[in-house]
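Here's the structure, in structure tokens; my notes come after.
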Amino acid sequence: MEAVNLKVKGMTCSNCALSVSKYLEKQGMQNVKVNPIDGDVHFEAEKFDQAEQTQLSKGIASLGYEVVDEKLAAVVPARPPMNKYLRYTLLCLPFTLVLMLHMLPAMHDSWINNPWLQLALCLPVYIIGMYHFGTSAVRSTLHGMPNMNVLVAVGATAAFVYSLIGAIRGMGHDYLFFETTATIITLVFFGNYLEDVSINSTQQQLNALAKQQPSMANMIAFDDKYQEQIFAVEAANLKSGDLVLIKNGEQVPADAKILSGDGMLNEAVVTGESVPVRKTAKDKIIGGSLLVDGILRAQVLHSPKEGILANIIDLVKKAQGDKPPIQRLADRISAIFVPTVIGIALLTFIINYVVLHDFTPALMRAIAVLVISCPCAMGLATPAAIAVGLGRAAKNGVLFRNAQSLEIFKQIKQVVFDKTGTLTTGAFSINGFDTTLPEEEFKSIVWSLEKYSNHPLAKSITTHWKGATEIRWASVEEIKGSGIRATNKSGDEFRAGSAAFAGVNKSGAAVYLTRNAEYIGSVNLADEIRPEAPEVINYLHSKGIVTVLLSGDSTDKVQALADKLQIKKVYAQQSPADKLTVIDTLKAAGPTAMVGDGINDAPALAKADVGISLSDSSQVAMQTADVVLMNNGLKQLPLALGLGLHTMKTIRGNLFWAFAYNVVAIPIAAFGFLTPGVAALAMGLSDVVLALNSGRLYVKKVT
């Protein structure tokens, strides 16, 4: 299956998103995700060539929307065009204000009551309204997914036709409601403008990240005399292997490795940490970070579109298009909302006409029902809150791979921690060793074995004993979570790893070495507790969350760490398979999150209700974790948990408001307590309230 991303313009509500989604599903696309807020559409297709894209683009255009080039959509012109809803509002407003004069008692016998003058003033507004709302209404209805524009178009048209008949038949002042038609259209345009501004503000954190992508770079090249030349190029054109010069005050144009120079870099764009960090030769630097002091020459590792920042933005966009289970009920209601409201409006007209024996007030009440109903609020309740929650998380170095994790977070009862590299720094130092062999021979064997492992213990040993004589093995194999097994050309078997793996009856050391099952040495390593670990554990305990330490390390070391951090539940000397069993047992007692470094913990991370990986910046897209804490940011775990909890609270608040608004507003309109104009304004403001409530997540204290 091929993953496809499209950018679709013109979607204004959840019904629009449902229309696009259902169309794509009918065309055989799978795992379709449509975000009505930013127009991002993600799906999977068995085959997606240029012909397929052209066909889908035409199909989406027939729904009333437009597929645009994402690169062009991301370009912000020097003078952005006026918001189309504001433009329509300003075009309609003068006509509407003049029309509304006839409602003033002093103007009842004035020139404004001429029905043909009112028709002339109303007609431009009606034409503009039908060009937008009417076209959309017809297209959505023909495709079997009527959107909210159907309600606006039907309401405005009913008032216009009724007034036109009154004008033609000379029925007098009481039968002219041209101002109602104009007011509905103008105020809905104004409401859409306010909604657009409010909803776009929920994207501000992601937009801020996108703006951090550098536009230009200083590329290093050499002429035929091997003299260095510097060229200004677009950062987007850089590719792996290119050489770049980064000057003081400039952004790093792409993920790169420093060749020469040193400097202080602000990596807040990725980590959320504004304190600059020193980088020197051979260090990796992140595209988008800012060089606040120094000058660097570096080699590009990835093109900008494949870099860390681009991956983060893509990850957040995809997660924003996700729908947690709580949204499913709202989607089902939105799908039948418009036909239901039309039925209620028709019933309102019939009942009021029977009771009041008066056509005019019955029609006005039915129109008010049509224009006050708002399916958008229900459809935008979830994406608006998720956009803010995920945007704030990404800004602070917390990446959610899917929206479902947000909902699960609010239920978490226990958090399981791996030991090495998670609660401890993972940067070990050798503080002693024991061996029956000559020292150099022992170091040579250990280094030659551990170089084949990515485990933090192995990396520390190979770093400290770099330069030892290398042994060429006949065969070598890493047993994840246990150690390394190798055979030399003479047929001797060597093992380096835990006491159980090496088959020795000893304890206290980090790594044991055997030859043909005979003990020949051990290495002692010292590891420090992460400075933030005690604070994080205390925070979890204060929230009533049970903490668990799950490690493959020896019992005495694991228990010593647990005692220091006041963790009561401890599982030591656990293999990756054992960890799966433990996670299963813990999950039976309640929703469980696991925090690990993603090396030996991958199966357990996948098994937990929420897998949380501590990742360095080169491992953004870890497939086994639901949440990635950038740059080993254990200190951001409380923020991740808090944002999950409060994002779900915001979604619930939004959904309550959306349902309550429609449940209360429709009966009020049906009983004649609202004019169609007031109803149109209330409908527009309902989405603004929802967006403002979501925006509170930017500043809300969540920990």
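Numbering starts fresh at 1 for the residues of each chain in the structure tokens, the chains themselves are lettered A, B, ... in the order given, and ligands are numbered from 1 as they appear.
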
Test item, helix (DSSP H, G or I) assignment across region 162-365 of chain A, answer as a count of residues only: 102

Test item: residues at most 12 Å from Tyr519 (chain A), only C-alpha atoms, excluding those fewer than 6 positions along its chain, as a list in words: Asp434, Thr435, Thr436, Leu437, Phe442, Glu493, Phe494, Arg495, Ala496, Gly497, Ala499, Phe501, Ala502, Gly503, Val504, Asn505, Lys506, Val511, Tyr512 and Leu513 of chain A

Spatial neighbours of Glu477 (chain A), 9 Å, only C-alpha atoms, chain gap at least 6 places, as a ChimeraX atom specification: /A:452,483-486

Members of region 382-427 of chain A assigned strand (DSSP E) by DSSP, as an MDAnalysis selection string: chainID A and resid 398:400 414:417

Keeping C-alpha atoms, export the residues of the selection given above as an mmCIF file, in the first residue's frame.
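Result went into out.cif, see below:
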data_model
loop_
_atom_site.group_PDB
_atom_site.id
_atom_site.type_symbol
_atom_site.label_atom_id
_atom_site.label_comp_id
_atom_site.auth_asym_id
_atom_site.auth_seq_id
_atom_site.Cartn_x
_atom_site.Cartn_y
_atom_site.Cartn_z
ATOM 1 C CA VAL A 398 6.525 15.678 22.766
ATOM 2 C CA LEU A 399 5.292 13.838 19.676
ATOM 3 C CA PHE A 400 2.051 11.849 19.567
ATOM 4 C CA GLN A 414 0.212 2.843 36.185
ATOM 5 C CA VAL A 415 3.426 3.762 34.392
ATOM 6 C CA VAL A 416 6.147 1.160 33.808
ATOM 7 C CA PHE A 417 9.754 2.328 33.451
#
